[in-house]
Amino acid sequence: MAIDTDKIVHAVMHGSRIREEKGIIPLFGVYLSMIPVQYYNRISFGFEKKTGSDGSAEKLLVAAGQECGYATFQGVRSSWEWAEVVEPMIEQVEDQIHCFVSIAVAFGWGDLVVQDLVPAEKLVIRANASYEAKGYLDTYGRADTGKCYMLRGVAAAFMDLVYGDDYPDGCFKYAAEETHCQAKGDPYCEFVARKATR
């Protein structure tokens with residue numbers, strides 16, 4: 001069975017209508033919240049600007065995105081919604097990554113597309129409209145380096161979950177780089193995840 005992205009997105013969108021009184025959305029085995037991207041970007045890029053240009057903020061923000069993606073999508077993969085809606089579509093282990101991407105799109109994390117996937121070796125994800133890149137451009141203008149820290153970490157997390165050690169010991173087995181970024185003037189943002197060398 002092919003991955004039915006529309007069915008996955010519909011399941012997420014339908015489930016997201018259920019909210020607790022504090023705005024928390026219990027969905028796909030995790031608790032989500034609605035946070036404006038402007039707020040996220042202001043916190044992330046403000047942190048980066050305050051810490052200087054030594055790259056430490058970038059490393060911390062990417063690591064936070066990777067750990068968040070790792071824990072979030074482990075919860076997703078362990079949920080009853082995954083078992084009922086998604087699992088019947090999965091024929092190969094790699095299909096999980098395509099399903100993760102569909103769910104991330106439904107979560108509002110970007111218009112992500114898997115460009116290339118070499119099992120256990122390389123994952124390439126592209127975004128034609130990244131909220132991080134747009135947020136940086138709108139606030140600071142053109143950047144010299146990629147600015148999509150969350151999405152970069154999440155690309156590596158997807159590989160960690162599928163090809164790393166069993167949860168919770170598989171995080172940071174893969175690392176991603178942002179090879180293209182709209183904040184630098186590129187036509188899209190692209191993330192390439194490979195086995196970590198550290």
# chains A, B, ... in the order shown; residues from 1 in each chain; ligands from 1
$ residues_around --residues "region 54-58 of chain A" --least-positions-apart "6" --cutoff "7 Å" --atoms "only C-alpha atoms" --output "tab-separated table (two decimals) with C-alpha atoms, in the first residue's frame"
chain	number	residue	atom	x	y	z
A	47	PHE	CA	19.00	33.75	21.73
A	48	GLU	CA	21.35	33.42	18.78
A	149	TYR	CA	17.49	24.97	13.22
$ residues_around --residues "region 34-38 of chain A" --least-positions-apart "4" --cutoff "7 Å" --atoms "only C-alpha atoms" --output "ChimeraX atom specification"
/A:42,131,135
$ write_last_selection --atoms "C-alpha atoms" --output "PDB file, in the first residue's frame"
ATOM      1  CA  ARG A  42      11.866  35.676  18.159  1.00  0.00           C
ATOM      2  CA  TYR A 131       8.799  29.514   8.818  1.00  0.00           C
ATOM      3  CA  GLY A 135      11.055  34.704  10.088  1.00  0.00           C
TER       4      GLY A 135
END
$ select_by_dssp --residues "region 151-187 of chain A" --states "helix (DSSP H, G or I)" --output "list in words"
Leu151, Arg152, Gly153, Val154, Ala155, Ala156, Ala157, Phe158, Met159, Asp160, Leu161, Val162, Tyr163, Gln182, Ala183 and Lys184 of chain A
$ closest_residue --among "A:Gly153, A:Pro119, A:Pro168, A:Gly110" --to "Tyr188 (chain A)" --atoms "only C-alpha atoms"
A:Gly110
$ residues_around --residues "region 156-167 of chain A" --least-positions-apart "3" --cutoff "12 Å" --atoms "only C-alpha atoms" --output "PyMOL selection string"
chain A and resi 62-78+92-101+103-104+114+117-125+149-153+170-178+191-196
$ closest_residue --among "A:Ala129, A:Val113, A:Val105, A:Ala183" --to "Gly141 (chain A)" --atoms "only C-alpha atoms"
A:Ala183
$ closest_residue --among "A:Cys181, A:Ile3, A:Ala106, A:Leu60" --to "Ser44 (chain A)" --atoms "only C-alpha atoms"
A:Leu60
$ select_by_dssp --residues "chain A" --states "strand (DSSP E or B)" --output "PyMOL selection string"
chain A and resi 24-27+30-33+112-118+122-127+174-180+189-195
$ residues_around --residues "Ser130 (chain A)" --least-positions-apart "3" --cutoff "7 Å" --atoms "only C-alpha atoms" --output "list in words"
Gly110, Ala127, Ala133, Lys134 and Cys189 of chain A
$ closest_residue --among "A:His180, A:Leu112, A:Val12, A:Trp80" --to "Lys147 (chain A)" --atoms "only C-alpha atoms"
A:His180
$ closest_residue --among "A:Gly108, A:Tyr39, A:Met89, A:Asp169" --to "Ile8 (chain A)" --atoms "only C-alpha atoms"
A:Met89
$ atom_distance --atom1 "CA of Gln182 (chain A)" --atom2 "CA of Phe45 (chain A)"
15.5 Å
$ decode --residues "region 48-81 of chain A" --atoms "N, CA and C atoms" --output "PDB file, in the first residue's frame"
ATOM      1  N   GLU A  48      20.172  33.468  19.638  1.00  0.00           N
ATOM      2  CA  GLU A  48      21.353  33.415  18.779  1.00  0.00           C
ATOM      3  C   GLU A  48      22.083  34.760  18.770  1.00  0.00           C
ATOM      4  N   LYS A  49      21.356  35.837  18.644  1.00  0.00           N
ATOM      5  CA  LYS A  49      21.980  37.172  18.587  1.00  0.00           C
ATOM      6  C   LYS A  49      22.662  37.513  19.916  1.00  0.00           C
ATOM      7  N   LYS A  50      22.044  37.117  21.035  1.00  0.00           N
ATOM      8  CA  LYS A  50      22.610  37.440  22.359  1.00  0.00           C
ATOM      9  C   LYS A  50      23.875  36.641  22.664  1.00  0.00           C
ATOM     10  N   THR A  51      23.995  35.432  22.104  1.00  0.00           N
ATOM     11  CA  THR A  51      25.142  34.588  22.437  1.00  0.00           C
ATOM     12  C   THR A  51      26.352  34.838  21.538  1.00  0.00           C
ATOM     13  N   GLY A  52      26.191  35.635  20.515  1.00  0.00           N
ATOM     14  CA  GLY A  52      27.334  35.955  19.672  1.00  0.00           C
ATOM     15  C   GLY A  52      27.459  35.038  18.469  1.00  0.00           C
ATOM     16  N   SER A  53      28.561  35.164  17.781  1.00  0.00           N
ATOM     17  CA  SER A  53      28.713  34.488  16.483  1.00  0.00           C
ATOM     18  C   SER A  53      29.630  33.271  16.529  1.00  0.00           C
ATOM     19  N   ASP A  54      29.805  32.656  17.703  1.00  0.00           N
ATOM     20  CA  ASP A  54      30.716  31.515  17.786  1.00  0.00           C
ATOM     21  C   ASP A  54      30.061  30.187  17.372  1.00  0.00           C
ATOM     22  N   GLY A  55      28.768  30.222  17.049  1.00  0.00           N
ATOM     23  CA  GLY A  55      28.081  29.005  16.604  1.00  0.00           C
ATOM     24  C   GLY A  55      27.497  28.169  17.726  1.00  0.00           C
ATOM     25  N   SER A  56      27.695  28.581  18.982  1.00  0.00           N
ATOM     26  CA  SER A  56      27.184  27.776  20.094  1.00  0.00           C
ATOM     27  C   SER A  56      25.660  27.752  20.119  1.00  0.00           C
ATOM     28  N   ALA A  57      25.017  28.875  19.816  1.00  0.00           N
ATOM     29  CA  ALA A  57      23.556  28.916  19.803  1.00  0.00           C
ATOM     30  C   ALA A  57      23.011  27.999  18.714  1.00  0.00           C
ATOM     31  N   GLU A  58      23.623  28.037  17.556  1.00  0.00           N
ATOM     32  CA  GLU A  58      23.191  27.166  16.455  1.00  0.00           C
ATOM     33  C   GLU A  58      23.245  25.701  16.871  1.00  0.00           C
ATOM     34  N   LYS A  59      24.344  25.293  17.480  1.00  0.00           N
ATOM     35  CA  LYS A  59      24.479  23.891  17.921  1.00  0.00           C
ATOM     36  C   LYS A  59      23.404  23.523  18.937  1.00  0.00           C
ATOM     37  N   LEU A  60      23.157  24.415  19.887  1.00  0.00           N
ATOM     38  CA  LEU A  60      22.146  24.145  20.912  1.00  0.00           C
ATOM     39  C   LEU A  60      20.742  24.090  20.315  1.00  0.00           C
ATOM     40  N   LEU A  61      20.430  25.011  19.400  1.00  0.00           N
ATOM     41  CA  LEU A  61      19.096  25.047  18.800  1.00  0.00           C
ATOM     42  C   LEU A  61      18.847  23.830  17.904  1.00  0.00           C
ATOM     43  N   VAL A  62      19.858  23.409  17.153  1.00  0.00           N
ATOM     44  CA  VAL A  62      19.713  22.211  16.319  1.00  0.00           C
ATOM     45  C   VAL A  62      19.547  20.981  17.207  1.00  0.00           C
ATOM     46  N   ALA A  63      20.356  20.886  18.265  1.00  0.00           N
ATOM     47  CA  ALA A  63      20.256  19.745  19.186  1.00  0.00           C
ATOM     48  C   ALA A  63      18.883  19.713  19.857  1.00  0.00           C
ATOM     49  N   ALA A  64      18.360  20.880  20.231  1.00  0.00           N
ATOM     50  CA  ALA A  64      17.026  20.938  20.834  1.00  0.00           C
ATOM     51  C   ALA A  64      15.967  20.479  19.836  1.00  0.00           C
ATOM     52  N   GLY A  65      16.083  20.903  18.588  1.00  0.00           N
ATOM     53  CA  GLY A  65      15.152  20.467  17.550  1.00  0.00           C
ATOM     54  C   GLY A  65      15.232  18.970  17.316  1.00  0.00           C
ATOM     55  N   GLN A  66      16.445  18.435  17.357  1.00  0.00           N
ATOM     56  CA  GLN A  66      16.626  16.999  17.139  1.00  0.00           C
ATOM     57  C   GLN A  66      16.033  16.193  18.291  1.00  0.00           C
ATOM     58  N   GLU A  67      16.315  16.621  19.510  1.00  0.00           N
ATOM     59  CA  GLU A  67      15.775  15.895  20.663  1.00  0.00           C
ATOM     60  C   GLU A  67      14.253  16.014  20.726  1.00  0.00           C
ATOM     61  N   CYS A  68      13.725  17.184  20.401  1.00  0.00           N
ATOM     62  CA  CYS A  68      12.277  17.378  20.356  1.00  0.00           C
ATOM     63  C   CYS A  68      11.652  16.472  19.297  1.00  0.00           C
ATOM     64  N   GLY A  69      12.225  16.462  18.094  1.00  0.00           N
ATOM     65  CA  GLY A  69      11.704  15.614  17.030  1.00  0.00           C
ATOM     66  C   GLY A  69      11.783  14.141  17.384  1.00  0.00           C
ATOM     67  N   TYR A  70      12.863  13.766  18.033  1.00  0.00           N
ATOM     68  CA  TYR A  70      13.075  12.362  18.429  1.00  0.00           C
ATOM     69  C   TYR A  70      12.004  11.908  19.420  1.00  0.00           C
ATOM     70  N   ALA A  71      11.801  12.687  20.480  1.00  0.00           N
ATOM     71  CA  ALA A  71      10.811  12.321  21.499  1.00  0.00           C
ATOM     72  C   ALA A  71       9.388  12.442  20.957  1.00  0.00           C
ATOM     73  N   THR A  72       9.122  13.503  20.223  1.00  0.00           N
ATOM     74  CA  THR A  72       7.776  13.718  19.685  1.00  0.00           C
ATOM     75  C   THR A  72       7.369  12.590  18.753  1.00  0.00           C
ATOM     76  N   PHE A  73       8.235  12.244  17.819  1.00  0.00           N
ATOM     77  CA  PHE A  73       7.849  11.234  16.831  1.00  0.00           C
ATOM     78  C   PHE A  73       7.954   9.812  17.361  1.00  0.00           C
ATOM     79  N   GLN A  74       8.670   9.604  18.465  1.00  0.00           N
ATOM     80  CA  GLN A  74       8.575   8.315  19.146  1.00  0.00           C
ATOM     81  C   GLN A  74       7.186   8.189  19.767  1.00  0.00           C
ATOM     82  N   GLY A  75       6.703   9.281  20.365  1.00  0.00           N
ATOM     83  CA  GLY A  75       5.347   9.291  20.892  1.00  0.00           C
ATOM     84  C   GLY A  75       4.317   9.066  19.804  1.00  0.00           C
ATOM     85  N   VAL A  76       4.514   9.716  18.671  1.00  0.00           N
ATOM     86  CA  VAL A  76       3.618   9.537  17.525  1.00  0.00           C
ATOM     87  C   VAL A  76       3.607   8.075  17.102  1.00  0.00           C
ATOM     88  N   ARG A  77       4.777   7.505  16.962  1.00  0.00           N
ATOM     89  CA  ARG A  77       4.914   6.130  16.477  1.00  0.00           C
ATOM     90  C   ARG A  77       4.366   5.110  17.476  1.00  0.00           C
ATOM     91  N   SER A  78       4.250   5.483  18.732  1.00  0.00           N
ATOM     92  CA  SER A  78       3.731   4.594  19.765  1.00  0.00           C
ATOM     93  C   SER A  78       2.231   4.764  20.003  1.00  0.00           C
ATOM     94  N   SER A  79       1.599   5.663  19.274  1.00  0.00           N
ATOM     95  CA  SER A  79       0.199   6.009  19.536  1.00  0.00           C
ATOM     96  C   SER A  79      -0.780   5.048  18.869  1.00  0.00           C
ATOM     97  N   TRP A  80      -2.010   5.066  19.373  1.00  0.00           N
ATOM     98  CA  TRP A  80      -3.051   4.243  18.750  1.00  0.00           C
ATOM     99  C   TRP A  80      -3.416   4.788  17.377  1.00  0.00           C
ATOM    100  N   GLU A  81      -3.303   6.121  17.193  1.00  0.00           N
ATOM    101  CA  GLU A  81      -3.594   6.705  15.875  1.00  0.00           C
ATOM    102  C   GLU A  81      -2.611   6.182  14.829  1.00  0.00           C
TER     103      GLU A  81
END
